[in-house]
file coords-v4.csv (CSV, C-alpha atoms)
chain,number,residue,atom,x,y,z
E,999,MET,CA,21.3,105.7,29.8
E,1000,ILE,CA,23.9,104.1,27.6
E,1001,TYR,CA,24.4,101.5,30.3
E,1002,LEU,CA,20.8,100.5,30.1
E,1003,ILE,CA,20.8,100.3,26.4
E,1004,VAL,CA,23.9,98.0,26.4
E,1005,GLN,CA,22.4,95.9,29.1
E,1006,THR,CA,19.1,95.6,27.2
E,1007,PHE,CA,21.1,94.6,24.0
E,1008,ILE,CA,23.0,92.0,25.9
E,1009,LEU,CA,19.8,90.5,27.3
E,1010,LEU,CA,18.2,90.4,23.9
E,1011,LEU,CA,21.3,88.8,22.5
E,1012,ILE,CA,21.3,86.2,25.2
E,1013,ALA,CA,17.6,85.5,24.7
E,1014,GLY,CA,18.2,85.1,21.0
E,1015,LEU,CA,21.0,82.7,21.6
E,1016,LEU,CA,18.9,80.7,24.1
E,1017,GLY,CA,16.0,80.7,21.5
E,1018,LEU,CA,18.4,79.4,18.8
E,1019,ILE,CA,19.7,76.7,21.2
E,1020,LEU,CA,16.3,75.6,22.2
E,1021,GLY,CA,15.0,75.6,18.7
E,1022,TRP,CA,18.0,73.5,17.5
E,1023,TYR,CA,17.5,71.1,20.4
E,1024,LEU,CA,13.8,70.7,19.8
E,1025,THR,CA,14.4,70.2,16.1
E,1026,ARG,CA,17.0,67.5,16.8
E,1027,ILE,CA,14.6,65.7,19.2
E,1028,SER,CA,11.9,65.9,16.5
E,1029,ALA,CA,14.3,64.5,13.9
E,1030,ALA,CA,15.4,61.7,16.2
E,1031,ASN,CA,11.8,60.8,16.8
E,1032,SER,CA,11.0,60.9,13.1
E,1033,ARG,CA,14.1,58.7,12.4
E,1034,ALA,CA,13.1,56.2,15.1
E,1035,SER,CA,9.6,56.1,13.6
E,1036,LEU,CA,10.9,55.5,10.1
E,1037,LEU,CA,13.3,52.8,11.3
E,1038,SER,CA,10.4,51.1,13.1
E,1039,ARG,CA,8.3,51.3,10.0
E,1040,LEU,CA,11.2,50.0,7.9
E,1041,THR,CA,11.8,47.1,10.3
E,1042,LYS,CA,8.1,46.2,10.1
E,1043,ALA,CA,8.1,46.4,6.3
E,1044,GLU,CA,11.2,44.1,6.1
E,1045,SER,CA,9.5,41.6,8.5
E,1046,LYS,CA,6.4,41.7,6.4
E,1047,ALA,CA,8.5,41.2,3.2
E,1048,ARG,CA,10.2,38.2,4.8
E,1049,GLU,CA,6.8,36.7,5.6
E,1050,LEU,CA,5.5,37.3,2.1
E,1051,ARG,CA,8.7,35.8,0.7
E,1052,THR,CA,8.2,32.7,2.9
E,1053,GLU,CA,4.6,32.4,1.8
E,1054,LEU,CA,5.7,32.8,-1.9
E,1055,ASP,CA,8.3,30.1,-1.5
E,1056,ALA,CA,5.6,27.8,0.1
E,1057,LEU,CA,3.3,28.5,-2.8
E,1058,ALA,CA,6.0,27.8,-5.3
E,1059,THR,CA,6.8,24.5,-3.6
E,1060,ALA,CA,3.1,23.6,-3.6
E,1061,LYS,CA,2.8,24.5,-7.3
E,1062,HIS,CA,5.8,22.3,-8.1
E,1063,ASN,CA,4.3,19.4,-6.1
E,1064,CYS,CA,1.0,19.9,-7.9
E,1065,ASP,CA,2.7,19.9,-11.3
E,1066,SER,CA,4.6,16.8,-10.4
E,1067,GLU,CA,1.5,15.0,-9.3
E,1068,ARG,CA,-0.3,16.2,-12.4
E,1069,ARG,CA,2.4,14.7,-14.6
E,1070,LEU,CA,2.3,11.4,-12.7
E,1071,LEU,CA,-1.5,11.3,-13.0
E,1072,SER,CA,-1.2,12.1,-16.8
E,1073,ASP,CA,1.4,9.3,-17.2
E,1074,GLU,CA,-0.8,6.8,-15.3
E,1075,LEU,CA,-3.9,7.8,-17.4
E,1076,ALA,CA,-1.9,7.4,-20.6
E,1077,ASP,CA,-0.7,4.0,-19.3
E,1078,LEU,CA,-4.2,2.9,-18.5
E,1079,ARG,CA,-5.5,4.0,-21.9
E,1080,ALA,CA,-2.6,2.1,-23.5
E,1081,ARG,CA,-3.6,-1.0,-21.5
E,1082,GLU,CA,-7.2,-0.6,-22.5
E,1083,ASP,CA,-6.2,-0.3,-26.2
E,1084,ALA,CA,-3.9,-3.4,-25.9
E,1085,ALA,CA,-6.5,-5.4,-23.9
E,1086,PRO,CA,-7.9,-8.4,-25.8
E,1087,ASP,CA,-11.3,-8.0,-27.5
E,1088,PRO,CA,-14.0,-9.3,-25.1
E,1089,VAL,CA,-15.6,-11.1,-28.0
E,1090,ASP,CA,-12.4,-13.1,-28.6
E,1091,THR,CA,-12.1,-13.9,-24.9
E,1092,ASP,CA,-15.7,-15.1,-24.8
E,1093,LYS,CA,-15.0,-17.2,-27.9
E,1094,ALA,CA,-11.9,-18.8,-26.3
E,1095,ILE,CA,-13.9,-19.5,-23.1
E,1096,THR,CA,-16.6,-21.2,-25.2
E,1097,VAL,CA,-14.0,-23.3,-27.1
E,1098,LEU,CA,-12.4,-24.4,-23.8
E,1099,GLN,CA,-15.8,-25.3,-22.3
E,1100,ASP,CA,-16.6,-27.3,-25.4
E,1101,GLU,CA,-13.3,-29.2,-25.1
E,1102,LEU,CA,-13.9,-29.8,-21.5
E,1103,GLU,CA,-17.4,-31.2,-22.2
E,1104,GLN,CA,-15.9,-33.5,-24.9
E,1105,CYS,CA,-13.2,-34.7,-22.6
E,1106,ARG,CA,-15.9,-35.6,-20.0
E,1107,GLU,CA,-17.8,-37.5,-22.7
E,1108,ALA,CA,-14.7,-39.3,-23.7
E,1109,LEU,CA,-13.9,-40.1,-20.1
E,1110,VAL,CA,-17.4,-41.5,-19.6
E,1111,ALA,CA,-17.1,-43.6,-22.8
E,1112,ALA,CA,-13.7,-44.8,-21.7
E,1113,SER,CA,-15.0,-45.8,-18.3
E,1114,ALA,CA,-18.0,-47.7,-19.8
E,1115,GLY,CA,-15.7,-49.7,-22.1
E,1116,ALA,CA,-12.7,-50.1,-19.8
E,1117,ALA,CA,-12.8,-53.9,-20.2
E,1118,GLU,CA,-12.3,-53.5,-24.0
E,1119,HIS,CA,-9.6,-50.8,-23.8
E,1120,GLN,CA,-6.8,-52.2,-21.6
E,1121,GLU,CA,-4.1,-51.0,-23.9
E,1122,VAL,CA,-2.3,-47.7,-23.5
E,1123,THR,CA,-3.9,-44.5,-24.7
E,1124,ALA,CA,-1.5,-44.3,-27.7
E,1125,ALA,CA,-2.9,-47.6,-29.1
E,1126,PRO,CA,-6.0,-46.1,-30.8
E,1127,ILE,CA,-3.7,-43.4,-32.3
E,1128,ALA,CA,-1.4,-45.9,-33.8
E,1129,SER,CA,-4.3,-47.9,-35.1
E,1130,ALA,CA,-5.8,-44.9,-36.7
E,1131,ALA,CA,-2.5,-44.0,-38.2
E,1132,ALA,CA,-2.1,-47.5,-39.6
E,1133,THR,CA,-5.5,-47.4,-41.3
E,1134,PRO,CA,-5.0,-47.3,-45.0
E,1135,ALA,CA,-5.8,-43.8,-46.2
E,1136,SER,CA,-7.2,-45.0,-49.5
E,1137,GLY,CA,-9.9,-47.0,-47.8
E,1138,MET,CA,-11.6,-44.0,-46.0
E,1139,ALA,CA,-13.7,-41.3,-47.5
E,1140,GLY,CA,-12.4,-37.8,-46.9
E,1141,THR,CA,-8.8,-38.7,-46.3
E,1142,PRO,CA,-6.7,-35.6,-47.0
E,1143,PRO,CA,-3.5,-35.7,-48.9
E,1144,ALA,CA,-0.9,-37.5,-46.8
E,1145,THR,CA,2.2,-36.1,-48.4
E,1146,ALA,CA,3.6,-32.6,-48.3
E,1147,GLY,CA,4.8,-32.7,-51.9
E,1148,GLU,CA,8.2,-33.6,-53.4
E,1149,GLY,CA,11.1,-32.2,-51.5
E,1150,GLY,CA,8.9,-30.5,-48.9
E,1151,THR,CA,10.1,-30.1,-45.3
E,1152,ALA,CA,7.7,-30.4,-42.4
E,1153,ASP,CA,6.3,-27.2,-40.8
E,1154,ASP,CA,5.9,-26.6,-37.1
E,1155,LEU,CA,2.2,-27.2,-36.9
E,1156,GLN,CA,2.2,-26.2,-33.2
E,1157,GLN,CA,2.3,-22.6,-34.5
E,1158,ILE,CA,-1.4,-23.0,-35.2
E,1159,ARG,CA,-3.4,-22.1,-32.1
E,1160,GLY,CA,-5.1,-25.3,-30.8
E,1161,ILE,CA,-2.4,-27.7,-32.0
E,1162,GLY,CA,-0.2,-29.0,-29.1
E,1163,PRO,CA,2.5,-31.6,-29.1
E,1164,LYS,CA,0.1,-34.5,-28.8
E,1165,ILE,CA,-2.2,-33.4,-31.7
E,1166,ALA,CA,0.9,-32.5,-33.8
E,1167,GLY,CA,2.1,-36.1,-33.2
E,1168,ILE,CA,-1.3,-37.5,-34.3
E,1169,LEU,CA,-1.3,-35.3,-37.5
E,1170,LYS,CA,2.2,-36.5,-38.3
E,1171,GLU,CA,1.2,-40.1,-38.0
E,1172,LEU,CA,-1.7,-39.3,-40.4
E,1173,GLY,CA,0.8,-37.9,-42.8
E,1174,ILE,CA,0.0,-34.2,-42.3
E,1175,GLU,CA,3.1,-32.1,-41.8
E,1176,ARG,CA,2.7,-29.0,-43.9
E,1177,PHE,CA,0.6,-25.8,-43.7
E,1178,GLU,CA,-0.5,-26.4,-47.3
E,1179,GLN,CA,-2.1,-29.6,-46.5
E,1180,ILE,CA,-4.3,-28.0,-43.7
E,1181,ALA,CA,-5.0,-24.9,-45.8
E,1182,GLY,CA,-6.4,-27.1,-48.6
E,1183,TRP,CA,-8.8,-29.3,-46.5
E,1184,THR,CA,-12.3,-29.8,-47.7
E,1185,PRO,CA,-15.3,-30.4,-45.4
E,1186,GLU,CA,-14.8,-34.1,-45.9
E,1187,ASN,CA,-11.2,-33.8,-44.9
E,1188,ILE,CA,-12.2,-31.9,-41.8
E,1189,ASP,CA,-14.7,-34.6,-40.8
E,1190,TRP,CA,-12.0,-37.2,-41.3
E,1191,VAL,CA,-9.4,-35.4,-39.2
E,1192,ASN,CA,-12.0,-34.6,-36.4
E,1193,ALA,CA,-12.9,-38.3,-36.3
E,1194,HIS,CA,-9.2,-39.2,-35.7
E,1195,LEU,CA,-8.7,-36.5,-33.1
E,1196,ARG,CA,-11.9,-37.5,-31.3
E,1197,PHE,CA,-12.8,-33.8,-30.8
E,1198,LYS,CA,-15.7,-33.1,-33.1
E,1199,GLY,CA,-15.7,-29.6,-34.6
E,1200,ARG,CA,-12.4,-28.6,-33.2
E,1201,VAL,CA,-10.8,-27.7,-36.5
E,1202,GLU,CA,-13.7,-25.3,-37.3
E,1203,ARG,CA,-13.9,-23.7,-33.9
E,1204,GLU,CA,-10.2,-23.0,-33.6
E,1205,GLU,CA,-10.0,-21.9,-37.3
E,1206,TRP,CA,-7.0,-24.1,-38.3
E,1207,ILE,CA,-7.4,-23.5,-42.0
E,1208,PRO,CA,-7.3,-19.7,-41.9
E,1209,GLN,CA,-4.3,-19.9,-39.5
E,1210,ALA,CA,-2.6,-22.3,-41.8
E,1211,LYS,CA,-3.1,-20.0,-44.7
E,1212,ALA,CA,-1.7,-17.0,-42.8
E,1213,LEU,CA,1.3,-19.0,-41.6
E,1214,MET,CA,1.9,-20.3,-45.1
E,1215,ALA,CA,1.8,-16.7,-46.5
E,1216,ALA,CA,4.1,-15.5,-43.7
E,1217,ARG,CA,6.6,-18.3,-44.3
E,1218,ASP,CA,6.7,-17.7,-48.1
E,1219,THR,CA,7.2,-14.0,-47.7

call {"tool": "encode", "arguments": {"input": "coords-v4.csv", "output": "structure tokens"}}
result
Amino acid sequence: MIYLIVQTFILLLIAGLLGLILGWYLTRISAANSRASLLSRLTKAESKARELRTELDALATAKHNCDSERRLLSDELADLRAREDAAPDPVDTDKAITVLQDELEQCREALVAASAGAAEHQEVTAAPIASAAATPASGMAGTPPATAGEGGTADDLQQIRGIGPKIAGILKELGIERFEQIAGWTPENIDWVNAHLRFKGRVEREEWIPQAKALMAARDT
């Protein structure tokens, strides 16, 4: 009887140990599977994070490029606006074109007149200028003052828009060398000068008198 009880106890002990060992083994297998699953999920999460980081870097690069392009466009727009502000007034441009057209027409008329009377004008072009300069100023109506005043020095008349080297030479031969002289011209003086320049209305169109006054004021400042 005792023998059977001992045997039963040993069998129960062995069964308990086997149960413990089997339970530990099954628990370990389950833990390994859980760990493998977690590692797989972690690997996938890290891969996803790297993809998101790559996309974020690409977006940051695109944003930087967009900002750079926006700044370039802003600079170009500001430059275009500055050019528009600095562009000449269309009215002034039209006026200058009109003046040039008038001068061209007068040159054509002078050329036609010179061709018609070529037999009477075989001297060089400077001859009429010298003749005009040699005409006594006192004998012509509208002759402007021919002197610049006592102790006056000649001004650079070519600073006046419309007066080039040739016209400046004619004016000098006529005794006109100062801004004050041009600034003080009367309508009769203007007609007299236009007659000598052979360009009717040029003094008025190119506004020599206002320019002379402005240059005189700037010189005396």

call {"tool": "atom_distance", "arguments": {"input": "coords-v4.csv", "atom1": "CA of Val1201 in chain E", "atom2": "CA of Ala1152 in chain E"}}
result
19.6 Å

call {"tool": "atom_distance", "arguments": {"input": "coords-v4.csv", "atom1": "CA of Gln1179 in chain E", "atom2": "CA of Ala1210 in chain E"}}
result
8.7 Å

call {"tool": "closest_residue", "arguments": {"input": "coords-v4.csv", "among": "E:Thr1141, E:Gln1157, E:Ser1028, E:Gln1209", "to": "Asn1192 in chain E", "atoms": "all atoms listed in the file"}}
result
E:Thr1141

call {"tool": "atom_distance", "arguments": {"input": "coords-v4.csv", "atom1": "CA of His1194 in chain E", "atom2": "CA of Ile1161 in chain E"}}
result
13.9 Å

call {"tool": "closest_residue", "arguments": {"input": "coords-v4.csv", "among": "E:Ile1158, E:Leu1070, E:His1062, E:Leu1075", "to": "Glu1204 in chain E", "atoms": "only C-alpha atoms"}}
result
E:Ile1158
